[in-house]
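Please read the structure below before turning to the comments.
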Amino acid sequence: MDDFFDVFAAHAHRNGLEQAVLKFQTRFDVAEIEGFVQEFQRRAESVRVGYPPKILAAPGMKPWYPGPLENDPYWAPFEEFLERDGWPSGRRKTLDEASSKVIAYTNDPSEATFLTKGLVVGHVQSGKTTNYTAVIAKAADVGYRLIIVLSGIHNGLRRQTQERLDRQLLARKDDGWFPLTSADSDFEEQSSKAAAYLHQRGTGVTLCVLKKNHKRLQKLIDWLRPAVKSGSFADLPVLIVDDEADQASVDTPRINPQIRQLIDLFDKCTYLGYTATPFANVLIDPSAGDLYPETFILSLPQPEGYFGAEKIFGREAVEGEASGSDLDGHDMVRIVPNDTVDHLRPRGRADSHGFTPLITDELTAAVRYFWLATAARRCRGDNDHSTMLIHPSMQTAVHEAYRGPLERMRATVLDALNAQDPGILVELRQQWEDETRRVSAARFGNRFVPFDDLLDHLPGIVEKTRVVLDNYRSRDRLDYSGDEPVVAIAVGGNTLSRGLTLEGLVVSFFIRSARTYDTLLQMGRWFGFRQGYEDLPRIWMTQQLKEHFRHLATVEHEIRLDISRYEEQDISPSEVGVRIRTHPVLNVTAKMGRVRTAYASYGGRRVQTRYFRENDPSWLEQNLLAARALIGDALRNGAALHDHGNGEVLLRDVDVCHVLKFLRDYQMHEDSPDLEPRLISNYIEKENRRSPQSLLSWNIAVMGGPAQDPQHVVEFDAKVHVGTISRSKLNDSGGEKADIKTLMSKEHRVIDMDVPPAEARRKSEEGLVALRNDHLDFCDRGLLLIYPIAKDSPPDAANEQTRRQLEAAEHVIAAAFVFPGNSKDKVANRYVQVDISNEAIDPAEYADEASALDDDETDTV
């Protein structure tokens, strides 16, 4: 019966369950048919509890696809390709389950009419293309006959995508695939009409891979429209895969309407957006009839062995999570000082003509390290492609200016190596030994390579290195299709920062400015898989960019936590409000900032200052005055004073007006988005107005130490003077932005409650939130904590490697807020509105993209 079930399931795959029952009821009795149906449904239901654990799906969406059959004509050859390509069985199984999950939550193609709109959220350079290739193969198996892939806005990505699909799906000419495009040719006008073309292909599958360019899209729409008018597509299931779905597809005057026109041509259509940066996609108005993923949102977990923003830059601890060294990231980032940036890129577009970059010490170090790391890979037996990325600007004239200086540097180094020049050998040895000490090969299970071992490889690698300029105007593109491994220094802009895979990327020199989350993350071509050389990648960038990427790693983590939370709560995609943490400089996305808002909740949260202007005495003095005014006003207006005798002083029953005045007077560092005084004040005032009223009364805790050394005593009032506490700063901070990372301990959440410190430390963050919320005297009361930090705080012995002494001009007054409530509460008045203004966007930042959307590139062979 198993063989008969396979035939039944295959028919159900292609024609729907109802048609399979009708076909088989003439040969099998009712009980046997019922057994087939139950087994088919059981396997389909298993997708629900398979991989990933949950999916954000629209009400009524039930998984209908039970997974591929052993001899499926399209999936089976693809899986065989992966096996030949060296994919281990576990990784193939994960891909199989993930792609089955996507198919299972589209509409069954046997339905009379349907429109599926789904979004698959991956990670930058994490294998999204392989996932949608698997989905395409399975879609072909279940009856989709026209598959359209919208592949970015540049020829490089479109060509790379076409080549991958050709190699992985279309390699065998008898597979039933009929490509409308090739690696060398985007979609062109066809000699035959669409209806006749598709009719002649019978049960075969037509595949089209085109750029999101309005001329190409219009040609495709014009070719298909007559067939639609004739009714030829009435029963044709169509799959549209939108790669980089946040780019061009959302809120653009030409491309967005054209994609919607394309979708509207078909009675049976599935639209799947794929992106690693879903900021624009989740901010589309769900009720606007646009491309919002109303059917499902699926967040793919980070694959094993993947190097993402968090591993490189670290991230902040999120609510309920302890901070620690495991969140700091690897020591792979090298800083380009701000005072050298003007030598590496022009200040503006007007200055780009005639600009000549200097080969600064940092750029010299980056290029030399690229050669050293490539040589180390060769010593390990790794002879694959090796690439360095230089991303100074989006302006093509700047890219061209780099060619001459880099070529001259290459020639100089090659001559010195061939001559065995002792000066350069000493410098290279020192650099290699310094870098291998900072990131250990053994940490990743890799073999340490001594300098003397890699020296033999260096001259050949330097000689073989090509300087490649890759931008949307250039014909000198990266090409990894040859038989020999490529060693290249690629200089480019947007064409190197969207979807395109840089094979064997080892070093990135990245000083391009950007103002939005999605633009920055997509520029991270260094994310991905580095098997066998996980210890070798390095990135040169400014301190500000490093901090931006760390912030983005936190944003990414929080978005996925939000999606996961909605999955657990079985919330419909149309009801999702994914919260996106804002930044004082960066915009969330250029595409939606003008028309949408995001929300941040303070309910149940604790927020704390961590950055200080340690060299600004007036800034520090102002904050001390604000704290003194707060304590003095509270005591003069009847606050109850409790001195614990150890430097901790508690003031109870403080009116909210004093807290709001403190927020007006106290100066937060501009890089503290969670502590923006306007947002906190708006939240408090909104809570004051709601019923029942909240946050009208506050407790204030002064968290000092014993008042022993007169030089380390801070007087807030005649009744309140305490000793300072110690908080050292991180090694790479100081001056305008001294970073102490963590101010308060979690047990300070309940410092104003009758909870012994030892008991508080044993409780989880959620447990401490519950303690406050479950107590009638504290469930609507806020807590403001004031910390006097010694201006010369030394590091502890345990963290001397990562921290150094604070060197502030005056003692530092830090502050933290603890709010009652639930950070996961969806009630509207639990949120404050964050204005995501588009005013800060530099229009020039998107000039390259806009040009690509309007000006069709010519494919190059």
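Identifiers for the structure tokens are assigned positionally: chains receive A, B, ... in sequence, residues are indexed from 1 per chain, and ligands are indexed from 1 in the order shown.
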Would you kindly return, as a PyMOL selection string, each protein, DNA or RNA residue with an atom no farther than 8 Å from any atom of region 498-512 of chain A, considering only C-alpha atoms and excluding same-chain residues fewer than 6 positions away?
chain A and resi 124-125+152+156-157+160+244+341+363+366-367+369-370+373-374+384-394+480+522-523+525-526+530+536-542+545
Could you save the residues just selected, with C-alpha atoms, as an mmCIF file, in the first residue's frame?
data_model
loop_
_atom_site.group_PDB
_atom_site.id
_atom_site.type_symbol
_atom_site.label_atom_id
_atom_site.label_comp_id
_atom_site.auth_asym_id
_atom_site.auth_seq_id
_atom_site.Cartn_x
_atom_site.Cartn_y
_atom_site.Cartn_z
ATOM 1 C CA VAL A 124 22.881 38.643 5.265
ATOM 2 C CA GLN A 125 24.932 36.134 3.240
ATOM 3 C CA GLY A 152 17.894 42.767 -7.159
ATOM 4 C CA GLY A 156 25.894 41.373 -11.089
ATOM 5 C CA LEU A 157 23.328 39.908 -8.718
ATOM 6 C CA GLN A 160 24.918 35.413 -10.258
ATOM 7 C CA GLU A 244 16.117 41.542 -1.700
ATOM 8 C CA VAL A 341 38.846 59.503 6.341
ATOM 9 C CA LEU A 363 44.743 50.921 4.157
ATOM 10 C CA ALA A 366 44.490 46.104 5.462
ATOM 11 C CA VAL A 367 45.906 45.198 2.035
ATOM 12 C CA TYR A 369 46.913 41.593 5.930
ATOM 13 C CA PHE A 370 44.765 40.390 3.007
ATOM 14 C CA ALA A 373 45.643 35.813 5.367
ATOM 15 C CA THR A 374 45.367 34.472 1.816
ATOM 16 C CA ASP A 384 39.611 28.674 -3.142
ATOM 17 C CA HIS A 385 38.864 32.260 -4.158
ATOM 18 C CA SER A 386 40.127 35.041 -1.883
ATOM 19 C CA THR A 387 38.701 38.560 -1.979
ATOM 20 C CA MET A 388 39.251 41.908 -0.318
ATOM 21 C CA LEU A 389 36.495 44.539 -0.396
ATOM 22 C CA ILE A 390 37.222 48.280 -0.405
ATOM 23 C CA HIS A 391 34.001 50.252 -0.043
ATOM 24 C CA PRO A 392 34.913 53.958 0.294
ATOM 25 C CA SER A 393 31.942 55.612 -1.385
ATOM 26 C CA MET A 394 28.998 54.998 -3.678
ATOM 27 C CA TYR A 480 34.477 33.634 -10.161
ATOM 28 C CA GLN A 522 23.305 44.973 3.394
ATOM 29 C CA MET A 523 26.779 46.439 3.012
ATOM 30 C CA ARG A 525 29.435 41.465 2.730
ATOM 31 C CA TRP A 526 31.769 40.093 5.432
ATOM 32 C CA ARG A 530 34.199 31.141 6.513
ATOM 33 C CA LEU A 536 41.189 35.221 9.581
ATOM 34 C CA PRO A 537 38.508 37.768 8.531
ATOM 35 C CA ARG A 538 39.206 41.399 9.476
ATOM 36 C CA ILE A 539 37.308 44.646 8.953
ATOM 37 C CA TRP A 540 38.722 48.180 8.910
ATOM 38 C CA MET A 541 36.132 50.871 9.653
ATOM 39 C CA THR A 542 35.555 53.993 11.742
ATOM 40 C CA LEU A 545 30.497 52.558 12.055
#
Mind checking DSSP for region 640-828 of chain A and telling me the strand (DSSP E or B) residues as JSON, numbers by chain?
{"A": [640, 641, 642, 643, 648, 649, 650, 651, 652, 653, 654, 655, 697, 698, 699, 700, 701, 702, 703, 705, 713, 714, 715, 716, 717, 720, 721, 722, 723, 725, 729, 730, 734, 737, 738, 739, 782, 783, 784, 785, 786, 787, 788, 789, 803, 804, 812, 813, 814, 815, 816, 817, 818]}
Keeping only C-alpha atoms, write the selected residues to a file as a PDB file, in the first residue's frame.
ATOM      1  CA  ALA A 640      10.145  60.135  53.253  1.00  0.00           C
ATOM      2  CA  LEU A 641      13.915  59.644  53.744  1.00  0.00           C
ATOM      3  CA  HIS A 642      15.433  56.233  54.580  1.00  0.00           C
ATOM      4  CA  ASP A 643      19.240  56.103  54.935  1.00  0.00           C
ATOM      5  CA  GLU A 648      22.316  53.772  49.754  1.00  0.00           C
ATOM      6  CA  VAL A 649      19.605  56.337  50.457  1.00  0.00           C
ATOM      7  CA  LEU A 650      15.925  55.903  49.614  1.00  0.00           C
ATOM      8  CA  LEU A 651      13.317  58.647  49.140  1.00  0.00           C
ATOM      9  CA  ARG A 652       9.717  57.430  49.028  1.00  0.00           C
ATOM     10  CA  ASP A 653       6.523  59.008  47.699  1.00  0.00           C
ATOM     11  CA  VAL A 654       8.078  61.555  45.359  1.00  0.00           C
ATOM     12  CA  ASP A 655       5.609  63.374  43.126  1.00  0.00           C
ATOM     13  CA  SER A 697       4.236  58.503  42.580  1.00  0.00           C
ATOM     14  CA  TRP A 698       7.927  57.544  42.507  1.00  0.00           C
ATOM     15  CA  ASN A 699      10.663  56.246  44.751  1.00  0.00           C
ATOM     16  CA  ILE A 700      14.194  57.606  44.318  1.00  0.00           C
ATOM     17  CA  ALA A 701      17.266  55.591  45.296  1.00  0.00           C
ATOM     18  CA  VAL A 702      20.721  57.146  45.617  1.00  0.00           C
ATOM     19  CA  MET A 703      23.092  54.221  45.005  1.00  0.00           C
ATOM     20  CA  GLY A 705      28.998  53.834  48.720  1.00  0.00           C
ATOM     21  CA  VAL A 713      31.999  62.075  48.549  1.00  0.00           C
ATOM     22  CA  VAL A 714      29.099  63.644  46.648  1.00  0.00           C
ATOM     23  CA  GLU A 715      26.657  65.900  48.495  1.00  0.00           C
ATOM     24  CA  PHE A 716      23.145  65.963  47.045  1.00  0.00           C
ATOM     25  CA  ASP A 717      21.521  67.713  50.027  1.00  0.00           C
ATOM     26  CA  VAL A 720      22.071  63.178  51.657  1.00  0.00           C
ATOM     27  CA  HIS A 721      25.821  62.807  51.066  1.00  0.00           C
ATOM     28  CA  VAL A 722      27.323  59.512  49.973  1.00  0.00           C
ATOM     29  CA  GLY A 723      30.570  58.042  48.697  1.00  0.00           C
ATOM     30  CA  ILE A 725      31.035  53.919  43.382  1.00  0.00           C
ATOM     31  CA  LYS A 729      35.227  52.268  30.927  1.00  0.00           C
ATOM     32  CA  LEU A 730      35.739  49.930  27.975  1.00  0.00           C
ATOM     33  CA  GLY A 734      36.652  57.651  26.187  1.00  0.00           C
ATOM     34  CA  LYS A 737      31.877  58.886  24.733  1.00  0.00           C
ATOM     35  CA  ALA A 738      33.178  56.964  27.743  1.00  0.00           C
ATOM     36  CA  ASP A 739      31.331  53.644  27.806  1.00  0.00           C
ATOM     37  CA  GLY A 782       8.189  54.172  39.246  1.00  0.00           C
ATOM     38  CA  LEU A 783      11.740  53.900  40.553  1.00  0.00           C
ATOM     39  CA  LEU A 784      14.519  56.368  39.652  1.00  0.00           C
ATOM     40  CA  LEU A 785      18.061  55.445  40.685  1.00  0.00           C
ATOM     41  CA  ILE A 786      20.965  57.924  40.923  1.00  0.00           C
ATOM     42  CA  TYR A 787      24.542  56.587  40.839  1.00  0.00           C
ATOM     43  CA  PRO A 788      27.521  58.818  41.766  1.00  0.00           C
ATOM     44  CA  ILE A 789      30.516  57.358  39.871  1.00  0.00           C
ATOM     45  CA  ARG A 803      38.631  47.963  30.552  1.00  0.00           C
ATOM     46  CA  ARG A 804      40.676  50.924  31.714  1.00  0.00           C
ATOM     47  CA  VAL A 812      29.824  61.293  36.953  1.00  0.00           C
ATOM     48  CA  ILE A 813      26.132  61.221  37.860  1.00  0.00           C
ATOM     49  CA  ALA A 814      24.442  58.263  36.203  1.00  0.00           C
ATOM     50  CA  ALA A 815      20.742  57.478  36.223  1.00  0.00           C
ATOM     51  CA  ALA A 816      18.453  54.502  35.690  1.00  0.00           C
ATOM     52  CA  PHE A 817      14.667  54.130  35.473  1.00  0.00           C
ATOM     53  CA  VAL A 818      12.624  51.077  36.485  1.00  0.00           C
TER      54      VAL A 818
END
Might you pull out every residue within 12 Å of Arg761 (chain A), with only C-alpha atoms counted and same-chain residues fewer than 6 positions away left off, and present them as a list in words?
Ala322, Ser745, Lys746, Glu747, His748, Arg749, Val750, Ile751, Val755, Gly767 and Leu768 of chain A
Give me, as a Markdown table, each residue of region 125-208 of chain A that comes within 12 Å of region 255-274 of chain A, together with its shortest interatomic pair and the distance in Å at one decimal, counting only C-alpha atoms, with rows ordered by chain and rising residue number.
| residue | atom | partner | partner_atom | distance |
| --- | --- | --- | --- | --- |
| A:Ser126 | CA | A:Tyr274 | CA | 11.8 |
| A:Gly127 | CA | A:Tyr274 | CA | 10.9 |
| A:Lys128 | CA | A:Tyr274 | CA | 7.1 |
| A:Thr129 | CA | A:Tyr274 | CA | 8.6 |
| A:Thr130 | CA | A:Tyr274 | CA | 11.3 |
| A:Asn131 | CA | A:Tyr274 | CA | 9.4 |
| A:Tyr132 | CA | A:Tyr274 | CA | 8.0 |
| A:Thr133 | CA | A:Tyr274 | CA | 11.5 |
| A:Val135 | CA | A:Leu272 | CA | 9.9 |
| A:Ile136 | CA | A:Leu272 | CA | 10.6 |
| A:Ala139 | CA | A:Thr270 | CA | 9.9 |
| A:Gly143 | CA | A:Lys268 | CA | 11.2 |
| A:Tyr144 | CA | A:Cys269 | CA | 9.2 |
| A:Arg145 | CA | A:Cys269 | CA | 10.8 |
| A:Leu146 | CA | A:Cys269 | CA | 9.7 |
| A:Ile147 | CA | A:Thr270 | CA | 9.6 |
| A:Ile148 | CA | A:Tyr271 | CA | 9.6 |
| A:Val149 | CA | A:Leu272 | CA | 9.7 |
| A:Leu150 | CA | A:Ile259 | CA | 9.2 |
| A:Ser151 | CA | A:Tyr274 | CA | 10.1 |
| A:Gly152 | CA | A:Tyr274 | CA | 10.7 |
| A:Ile153 | CA | A:Ile255 | CA | 10.2 |
Would you write out those residues with N, CA and C atoms, as a JSON list (two decimals), in the first residue's frame?
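To be explicit, this is the file written out as result-v7.json:
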[["chain", "number", "residue", "atom", "x", "y", "z"],
["A", 126, "SER", "N", 23.55, 34.38, 4.26],
["A", 126, "SER", "CA", 23.35, 33.18, 5.07],
["A", 126, "SER", "C", 22.74, 32.01, 4.30],
["A", 127, "GLY", "N", 22.52, 32.15, 3.00],
["A", 127, "GLY", "CA", 21.95, 31.05, 2.24],
["A", 127, "GLY", "C", 20.50, 31.24, 1.85],
["A", 128, "LYS", "N", 20.03, 32.50, 1.75],
["A", 128, "LYS", "CA", 18.65, 32.74, 1.34],
["A", 128, "LYS", "C", 18.41, 32.22, -0.07],
["A", 129, "THR", "N", 19.41, 32.42, -0.96],
["A", 129, "THR", "CA", 19.24, 31.97, -2.34],
["A", 129, "THR", "C", 19.03, 30.46, -2.39],
["A", 130, "THR", "N", 19.79, 29.71, -1.60],
["A", 130, "THR", "CA", 19.61, 28.26, -1.59],
["A", 130, "THR", "C", 18.23, 27.89, -1.08],
["A", 131, "ASN", "N", 17.73, 28.63, -0.08],
["A", 131, "ASN", "CA", 16.39, 28.35, 0.43],
["A", 131, "ASN", "C", 15.35, 28.55, -0.65],
["A", 132, "TYR", "N", 15.43, 29.69, -1.39],
["A", 132, "TYR", "CA", 14.37, 29.88, -2.39],
["A", 132, "TYR", "C", 14.59, 29.00, -3.62],
["A", 133, "THR", "N", 15.82, 28.55, -3.84],
["A", 133, "THR", "CA", 16.03, 27.55, -4.90],
["A", 133, "THR", "C", 15.31, 26.26, -4.55],
["A", 135, "VAL", "N", 12.71, 26.04, -2.59],
["A", 135, "VAL", "CA", 11.28, 26.35, -2.70],
["A", 135, "VAL", "C", 10.84, 26.29, -4.15],
["A", 136, "ILE", "N", 11.66, 26.83, -5.07],
["A", 136, "ILE", "CA", 11.32, 26.79, -6.50],
["A", 136, "ILE", "C", 11.19, 25.35, -6.98],
["A", 139, "ALA", "N", 8.02, 23.94, -5.57],
["A", 139, "ALA", "CA", 6.87, 24.57, -6.22],
["A", 139, "ALA", "C", 6.62, 23.96, -7.59],
["A", 143, "GLY", "N", 3.10, 21.77, -9.02],
["A", 143, "GLY", "CA", 2.24, 22.22, -10.10],
["A", 143, "GLY", "C", 2.42, 23.64, -10.57],
["A", 144, "TYR", "N", 3.34, 24.42, -9.99],
["A", 144, "TYR", "CA", 3.58, 25.76, -10.51],
["A", 144, "TYR", "C", 4.25, 25.64, -11.88],
["A", 145, "ARG", "N", 3.75, 26.39, -12.86],
["A", 145, "ARG", "CA", 4.24, 26.26, -14.22],
["A", 145, "ARG", "C", 4.98, 27.49, -14.72],
["A", 146, "LEU", "N", 4.86, 28.61, -14.01],
["A", 146, "LEU", "CA", 5.63, 29.81, -14.36],
["A", 146, "LEU", "C", 6.25, 30.34, -13.07],
["A", 147, "ILE", "N", 7.58, 30.46, -13.07],
["A", 147, "ILE", "CA", 8.30, 30.94, -11.89],
["A", 147, "ILE", "C", 9.13, 32.14, -12.30],
["A", 148, "ILE", "N", 8.90, 33.26, -11.63],
["A", 148, "ILE", "CA", 9.56, 34.53, -11.94],
["A", 148, "ILE", "C", 10.40, 34.92, -10.72],
["A", 149, "VAL", "N", 11.69, 35.14, -10.94],
["A", 149, "VAL", "CA", 12.58, 35.57, -9.87],
["A", 149, "VAL", "C", 12.99, 37.01, -10.14],
["A", 150, "LEU", "N", 12.63, 37.90, -9.22],
["A", 150, "LEU", "CA", 13.05, 39.29, -9.29],
["A", 150, "LEU", "C", 14.33, 39.41, -8.48],
["A", 151, "SER", "N", 15.45, 39.58, -9.17],
["A", 151, "SER", "CA", 16.76, 39.42, -8.52],
["A", 151, "SER", "C", 17.50, 40.74, -8.42],
["A", 152, "GLY", "N", 17.16, 41.53, -7.40],
["A", 152, "GLY", "CA", 17.89, 42.77, -7.16],
["A", 152, "GLY", "C", 17.75, 43.78, -8.27],
["A", 153, "ILE", "N", 18.62, 44.78, -8.26],
["A", 153, "ILE", "CA", 18.51, 45.87, -9.25],
["A", 153, "ILE", "C", 19.75, 45.98, -10.12]]
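Within 10 Å of Pro459 (chain A), once only C-alpha atoms are used and residues closer than 2 positions along the same chain are dropped, the contacting residues are Trp371, Ala375, Val413, Leu414, Asp415, Ala416, Leu417, Asn418, Leu455, Asp456, His457, Ile461, Val462, Glu463 and Lys464 of chain A.
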For region 792-802 of chain A: contacts at 12 Å, only C-alpha atoms, fewer than 6 positions along chain excluded, given as a ChimeraX atom specification
/A:324-325,328,331,438,614,711-712,724-733,738-741,808-812
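Residues surrounding region 28-36 of chain A within 10 Å are Met1, Asp2, Phe4, Phe5, Asp6, Phe8, Ala9, Leu17, Ala20, Val21, Leu22, Lys23, Gln41 and Arg42 of chain A [only C-alpha atoms; sequence separation below 5 positions excluded].
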Grab the residues selected above and save them as a short mmCIF file (atom, residue, chain, number, x, y, z; two decimals), in the first residue's frame with C-alpha atoms.
data_model
loop_
_atom_site.label_atom_id
_atom_site.label_comp_id
_atom_site.auth_asym_id
_atom_site.auth_seq_id
_atom_site.Cartn_x
_atom_site.Cartn_y
_atom_site.Cartn_z
CA MET A 1 0.00 0.00 0.00
CA ASP A 2 2.99 2.32 0.53
CA PHE A 4 -0.03 3.17 -3.89
CA PHE A 5 0.11 5.95 -1.30
CA ASP A 6 3.12 7.49 -3.04
CA PHE A 8 -1.83 9.07 -4.45
CA ALA A 9 0.38 11.69 -2.76
CA LEU A 17 -6.35 16.37 -2.47
CA ALA A 20 -6.72 12.72 -5.96
CA VAL A 21 -9.69 11.27 -4.02
CA LEU A 22 -11.92 11.41 -7.13
CA LYS A 23 -9.28 9.71 -9.27
CA GLN A 41 -2.90 15.13 6.16
CA ARG A 42 -0.77 13.68 8.97
#
One decimal place gives the CA of Gly423 (chain A)-CA of Leu454 (chain A) separation as 17.2 Å
Residues within 7 Å of Ala309 (chain A), only C-alpha atoms, excluding chain neighbours under 3 positions, as a ChimeraX atom specification
/A:312-314,527,549,553
What parts of region 628-688 of chain A does DSSP call helix (DSSP H, G or I)? I'd like the answer as a ChimeraX atom specification.
/A:628-636,656-665,673-675,677-688
Written file, previous selection with C-alpha atoms, as an mmCIF file, in the first residue's frame:
data_model
loop_
_atom_site.group_PDB
_atom_site.id
_atom_site.type_symbol
_atom_site.label_atom_id
_atom_site.label_comp_id
_atom_site.auth_asym_id
_atom_site.auth_seq_id
_atom_site.Cartn_x
_atom_site.Cartn_y
_atom_site.Cartn_z
ATOM 1 C CA ARG A 628 20.763 67.883 43.596
ATOM 2 C CA ALA A 629 17.625 69.745 42.505
ATOM 3 C CA LEU A 630 15.709 66.457 42.325
ATOM 4 C CA ILE A 631 16.732 65.326 45.820
ATOM 5 C CA GLY A 632 16.239 68.778 47.361
ATOM 6 C CA ASP A 633 12.807 69.343 45.795
ATOM 7 C CA ALA A 634 11.651 65.860 46.833
ATOM 8 C CA LEU A 635 12.675 66.359 50.475
ATOM 9 C CA ARG A 636 11.169 69.847 50.687
ATOM 10 C CA VAL A 656 5.988 62.751 39.386
ATOM 11 C CA CYS A 657 6.512 66.468 38.692
ATOM 12 C CA HIS A 658 10.005 66.284 40.216
ATOM 13 C CA VAL A 659 10.919 63.329 38.021
ATOM 14 C CA LEU A 660 9.703 65.155 34.895
ATOM 15 C CA LYS A 661 11.737 68.235 35.877
ATOM 16 C CA PHE A 662 14.805 66.029 36.327
ATOM 17 C CA LEU A 663 14.274 64.665 32.807
ATOM 18 C CA ARG A 664 14.236 68.228 31.470
ATOM 19 C CA ASP A 665 17.429 69.208 33.328
ATOM 20 C CA PRO A 673 18.134 56.186 22.207
ATOM 21 C CA ASP A 674 16.318 54.308 24.997
ATOM 22 C CA LEU A 675 16.901 57.279 27.315
ATOM 23 C CA PRO A 677 14.088 62.387 27.668
ATOM 24 C CA ARG A 678 11.187 63.356 25.398
ATOM 25 C CA LEU A 679 10.198 59.728 24.892
ATOM 26 C CA ILE A 680 10.382 58.864 28.587
ATOM 27 C CA SER A 681 8.441 61.994 29.536
ATOM 28 C CA ASN A 682 5.754 61.274 26.936
ATOM 29 C CA TYR A 683 5.412 57.740 28.250
ATOM 30 C CA ILE A 684 5.147 58.870 31.888
ATOM 31 C CA GLU A 685 2.569 61.537 31.051
ATOM 32 C CA LYS A 686 0.521 59.058 29.019
ATOM 33 C CA GLU A 687 0.565 56.639 31.970
ATOM 34 C CA ASN A 688 -0.499 59.474 34.280
#
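Between CA of Arg606 (chain A) and CA of Ser764 (chain A) there is a distance of 13.8 Å.
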